[in-house]
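Written below as structure tokens is the structure these notes are about.
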Amino acid sequence: MSAQTSAHSSAVFLIEFGAIILGLGLLGRFAGRFQLSPIPLYLLAGLAFGEGGLLPLGTSEEFVAIGAEIGVILLLLMLGLEYTASDLVSNLKTQYPAGLVDAALNALPGATMALLLGWGPVAAVVLAGVTWISSSGVIAKVLGDLGRLGNRETPVVLSILVLEDLSMAVYLPIVTALLAGVGLAAGSATLAIALGTAGVVLLVAVRYGRHISRFVSSDDPEKLLLVVLGVTLVVAGLAQQLQVSAAVGAFLVGIALSGEVAEGAHSLLAPLRDLFAAVFFVFFGLHTDPASIPPVLLPALLLAVVTAATKIATGYWAARRAGVSVKGRWRAGGTLVARGEFSIVIAGLAVTAGIEPSLGPLATAYVLILVIAGPLTARWTEPVAMWVTERLQRAAAGGTAAADRGDGQGEREGQSDGLLGSAGAAHEALDGQDVADRA
């Protein structure tokens, strides 16, 4: 009987997971036909199959959760493969002011909203993190979908994302300590461990990246895939065990690899990344009950509009500071709008601690809005901004031309008045002369 039950469970799992993968493939094909990112469709599919959805999943949910975590790790690994350790260090040195501006512009709205809702200072710190951190996973996927990885503004975007991800190594231990209510000593020890771990991994990546690449390198694609994937998962797991984000660990592994190894790993891992990244976005939607969204939709929407504008301003300012053209500045700003995995992780910590029941649904609604809007702003911010700018320039040029015409007309009228005045004065003089003559 147990064997029959096990066989039935396996069959249900295969049917459910197969249906998910098939559905994702069809959604991706549909989005590709209209040259759109499939991410919003993946999220909506997750809502349909999640709690309170049309057809909740059963046996495959645990596997989907593991696949989602692997998806985030692969997204960040592939992002790290785009740049070397020296590129990272130089970007951090030149772009750290943009990171400070990013934190100020995008964390303050979340903290302010929490305080206005009367949630207290701890919830304010949590919601500040939710609104501050852009989604590295979503943005990495969008950049690939739009073919912008080689654009001049992309290093600026990636530098801001790296600064945010590395900031999580400091922020998450602080939030965890605040939510747990631990003392100063315990919180400081947790923070020191997190910072030390991130620093050691970064130092190893910068100084010994060539040796790591040599160790990983292999002419056999199968061996290269297994070694790179194994090293990434081990480092990500160790990083998470030491209170550092697994995504940060995967990213640092990516930058540690360079040359032919990075190129080979990129081509081998791309299909796996696409598969598990799609699973991640579905999983995100699975754990959102659609019924919990309407009560917090208005504040979430307001917060989304404000922080979308502040992210666009952040990207525009950072790209301008880097000497990028106006179009590239708008593209950089629009690309940074999406929020995602880190925001949900932060909100999840608060929900587990039970500090504010409404914080979880608000954060979920907020992230859903911006994770759907993010690919759209990445694509349309630049053309819309250029269209508005062109219209304003035309209006200004039309006003200037009208003013010039008015000035010309006034000048001609002034000249006419002057001539009439002169003629009148001459006429009066002649009349006076005639009177004098008659006298």
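Ordered as shown in the structure tokens, chains take letters A, B, and onward, while each chain numbers its residues from 1 and ligands are numbered from 1 in the order shown.
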Give me the residues of range 93-196 of chain A that have any atom at most 9 Å from an atom of range 357-366 of chain A; for each, the nearest atom pair and the distance in Å, rounded to one decimal. Use only C-alpha atoms, sort by chain and number, and format it as a tab-separated table.
residue	atom	partner	partner_atom	distance
A:Ala114	CA	A:Leu359	CA	8.6
A:Trp119	CA	A:Leu359	CA	8.7
A:Ala123	CA	A:Leu359	CA	7.8
A:Leu127	CA	A:Ala363	CA	7.6
A:Val130	CA	A:Ala363	CA	7.0
A:Thr131	CA	A:Tyr366	CA	8.5
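Checking A:Val384, A:Val125, A:Ala68, A:Ala278 one by one against Leu43 in chain A, counting only C-alpha atoms, you find the shortest gap at A:Ala278.
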**Request:** Rank nothing, just name the residue among A:Leu275, A:Ala353, A:Leu376, A:Glu164 nearest to Ser135 in chain A, using only C-alpha atoms.
**Result:**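 Counting only C-alpha atoms, the residue closest to Ser135 in chain A is A:Glu164.
Those residues that approach Arg331 in chain A to within 8 Å, counting only C-alpha atoms, are Glu153, Tyr316, Ala378, Arg379, Thr381 and Glu382 of chain A; same-chain residues fewer than 5 positions away are not listed.
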Please produce an output containing C-alpha atoms for each residue in the selection, written as a PDB file, in the first residue's frame.
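Here's the written file part.pdb:
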ATOM      1  CA  GLU A 153      25.368  52.249 -18.798  1.00  0.00           C
ATOM      2  CA  TYR A 316      20.109  58.823 -14.052  1.00  0.00           C
ATOM      3  CA  ALA A 378      13.542  49.131 -18.230  1.00  0.00           C
ATOM      4  CA  ARG A 379      12.198  49.005 -21.773  1.00  0.00           C
ATOM      5  CA  THR A 381      11.643  54.791 -19.644  1.00  0.00           C
ATOM      6  CA  GLU A 382      14.176  55.968 -22.219  1.00  0.00           C
TER       7      GLU A 382
END
**Message:** Please list as a PyMOL selection string every residue within 9 Å of Val64 in chain A, counting only C-alpha atoms and excluding residues in the same chain fewer than 5 positions away.
**Reply:** chain A and resi 17+69+276+279-280+282-283
Keeping N, CA, C and O atoms for every residue in the selection just given, could you write it to a file as an mmCIF file, in the first residue's frame?
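selection39.cif written:
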data_model
loop_
_atom_site.group_PDB
_atom_site.id
_atom_site.type_symbol
_atom_site.label_atom_id
_atom_site.label_comp_id
_atom_site.auth_asym_id
_atom_site.auth_seq_id
_atom_site.Cartn_x
_atom_site.Cartn_y
_atom_site.Cartn_z
ATOM 1 N N PHE A 17 4.995 19.222 -11.831
ATOM 2 C CA PHE A 17 6.211 19.947 -12.212
ATOM 3 C C PHE A 17 6.332 20.029 -13.726
ATOM 4 O O PHE A 17 6.757 21.056 -14.273
ATOM 5 N N GLU A 69 15.554 28.671 -5.053
ATOM 6 C CA GLU A 69 16.793 29.112 -4.416
ATOM 7 C C GLU A 69 17.987 28.907 -5.345
ATOM 8 O O GLU A 69 18.869 29.766 -5.433
ATOM 9 N N PHE A 276 15.827 27.587 -13.898
ATOM 10 C CA PHE A 276 15.622 27.779 -12.466
ATOM 11 C C PHE A 276 15.233 29.216 -12.124
ATOM 12 O O PHE A 276 14.573 29.450 -11.106
ATOM 13 N N VAL A 279 11.600 29.240 -12.467
ATOM 14 C CA VAL A 279 11.019 28.574 -11.300
ATOM 15 C C VAL A 279 11.005 29.516 -10.105
ATOM 16 O O VAL A 279 10.045 29.547 -9.317
ATOM 17 N N PHE A 280 12.066 30.323 -9.952
ATOM 18 C CA PHE A 280 12.117 31.275 -8.841
ATOM 19 C C PHE A 280 10.961 32.257 -8.899
ATOM 20 O O PHE A 280 10.299 32.540 -7.891
ATOM 21 N N VAL A 282 8.088 31.931 -10.351
ATOM 22 C CA VAL A 282 6.846 31.226 -10.055
ATOM 23 C C VAL A 282 6.707 31.007 -8.553
ATOM 24 O O VAL A 282 5.642 31.220 -7.958
ATOM 25 N N PHE A 283 7.786 30.584 -7.924
ATOM 26 C CA PHE A 283 7.766 30.347 -6.478
ATOM 27 C C PHE A 283 7.420 31.620 -5.717
ATOM 28 O O PHE A 283 6.705 31.590 -4.713
#
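With only C-alpha atoms as the atoms that count, the residue of A:Val89, A:Leu172, A:Ile139, A:Leu238 with the shortest distance to Leu202 in chain A is A:Val89.
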Need the shell around Leu272 in chain A: protein/DNA/RNA residues with any atom at most 12 Å away, counting only C-alpha atoms. Skip same-chain ones fewer than 6 positions apart. Format as a PDB file with N, CA and C atoms, in the first residue's frame?
ATOM      1  N   GLY A  67      14.301  24.639  -6.150  1.00  0.00           N
ATOM      2  CA  GLY A  67      14.652  25.138  -7.475  1.00  0.00           C
ATOM      3  C   GLY A  67      14.707  26.651  -7.526  1.00  0.00           C
ATOM      4  N   ALA A  68      13.811  27.315  -6.782  1.00  0.00           N
ATOM      5  CA  ALA A  68      13.814  28.775  -6.748  1.00  0.00           C
ATOM      6  C   ALA A  68      15.099  29.310  -6.124  1.00  0.00           C
ATOM      7  N   ILE A  70      18.007  27.794  -6.056  1.00  0.00           N
ATOM      8  CA  ILE A  70      19.067  27.562  -7.041  1.00  0.00           C
ATOM      9  C   ILE A  70      18.991  28.599  -8.153  1.00  0.00           C
ATOM     10  N   GLY A  71      17.763  29.000  -8.531  1.00  0.00           N
ATOM     11  CA  GLY A  71      17.602  30.005  -9.575  1.00  0.00           C
ATOM     12  C   GLY A  71      18.227  31.330  -9.213  1.00  0.00           C
ATOM     13  N   VAL A  72      18.018  31.791  -7.977  1.00  0.00           N
ATOM     14  CA  VAL A  72      18.625  33.052  -7.538  1.00  0.00           C
ATOM     15  C   VAL A  72      20.144  32.939  -7.556  1.00  0.00           C
ATOM     16  N   ILE A  73      20.665  31.807  -7.090  1.00  0.00           N
ATOM     17  CA  ILE A  73      22.119  31.615  -7.051  1.00  0.00           C
ATOM     18  C   ILE A  73      22.703  31.640  -8.463  1.00  0.00           C
ATOM     19  N   LEU A  74      22.055  30.967  -9.407  1.00  0.00           N
ATOM     20  CA  LEU A  74      22.552  30.953 -10.783  1.00  0.00           C
ATOM     21  C   LEU A  74      22.458  32.325 -11.440  1.00  0.00           C
ATOM     22  N   LEU A  75      21.404  33.066 -11.147  1.00  0.00           N
ATOM     23  CA  LEU A  75      21.284  34.421 -11.701  1.00  0.00           C
ATOM     24  C   LEU A  75      22.451  35.295 -11.264  1.00  0.00           C
ATOM     25  N   LEU A  77      25.387  34.212 -10.073  1.00  0.00           N
ATOM     26  CA  LEU A  77      26.630  33.655 -10.597  1.00  0.00           C
ATOM     27  C   LEU A  77      26.872  34.156 -12.021  1.00  0.00           C
ATOM     28  N   MET A  78      25.850  34.102 -12.861  1.00  0.00           N
ATOM     29  CA  MET A  78      25.982  34.549 -14.245  1.00  0.00           C
ATOM     30  C   MET A  78      26.258  36.047 -14.316  1.00  0.00           C
ATOM     31  N   LEU A 225      31.145  22.049 -16.111  1.00  0.00           N
ATOM     32  CA  LEU A 225      29.824  22.368 -15.571  1.00  0.00           C
ATOM     33  C   LEU A 225      29.677  21.868 -14.139  1.00  0.00           C
ATOM     34  N   LEU A 229      29.385  24.483 -10.975  1.00  0.00           N
ATOM     35  CA  LEU A 229      28.116  24.440 -10.248  1.00  0.00           C
ATOM     36  C   LEU A 229      28.325  23.979  -8.811  1.00  0.00           C
ATOM     37  N   ALA A 265      31.821  28.586 -18.824  1.00  0.00           N
ATOM     38  CA  ALA A 265      30.808  28.393 -17.796  1.00  0.00           C
ATOM     39  C   ALA A 265      29.530  29.155 -18.144  1.00  0.00           C
ATOM     40  N   HIS A 266      29.688  30.322 -18.727  1.00  0.00           N
ATOM     41  CA  HIS A 266      28.523  31.137 -19.088  1.00  0.00           C
ATOM     42  C   HIS A 266      27.646  30.407 -20.107  1.00  0.00           C
ATOM     43  N   ALA A 278      13.177  30.989 -13.954  1.00  0.00           N
ATOM     44  CA  ALA A 278      11.733  30.970 -14.172  1.00  0.00           C
ATOM     45  C   ALA A 278      11.015  30.318 -12.996  1.00  0.00           C
ATOM     46  N   VAL A 279      11.600  29.240 -12.467  1.00  0.00           N
ATOM     47  CA  VAL A 279      11.019  28.574 -11.300  1.00  0.00           C
ATOM     48  C   VAL A 279      11.005  29.516 -10.105  1.00  0.00           C
TER      49      VAL A 279
END
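Using only C-alpha atoms for every distance, the candidate list A:Gly264, A:Gly25, A:Gly285, A:Gly150 yields A:Gly285 as the residue closest to Ala48 in chain A.
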**Message:** Excluding Ala236 in chain A and its own-chain neighbours fewer than 4 positions away, which residues fall within 8 Å of it when counting only C-alpha atoms? Please give them as a PyMOL selection string.
**Reply:** chain A and resi 73+232+240+245-250
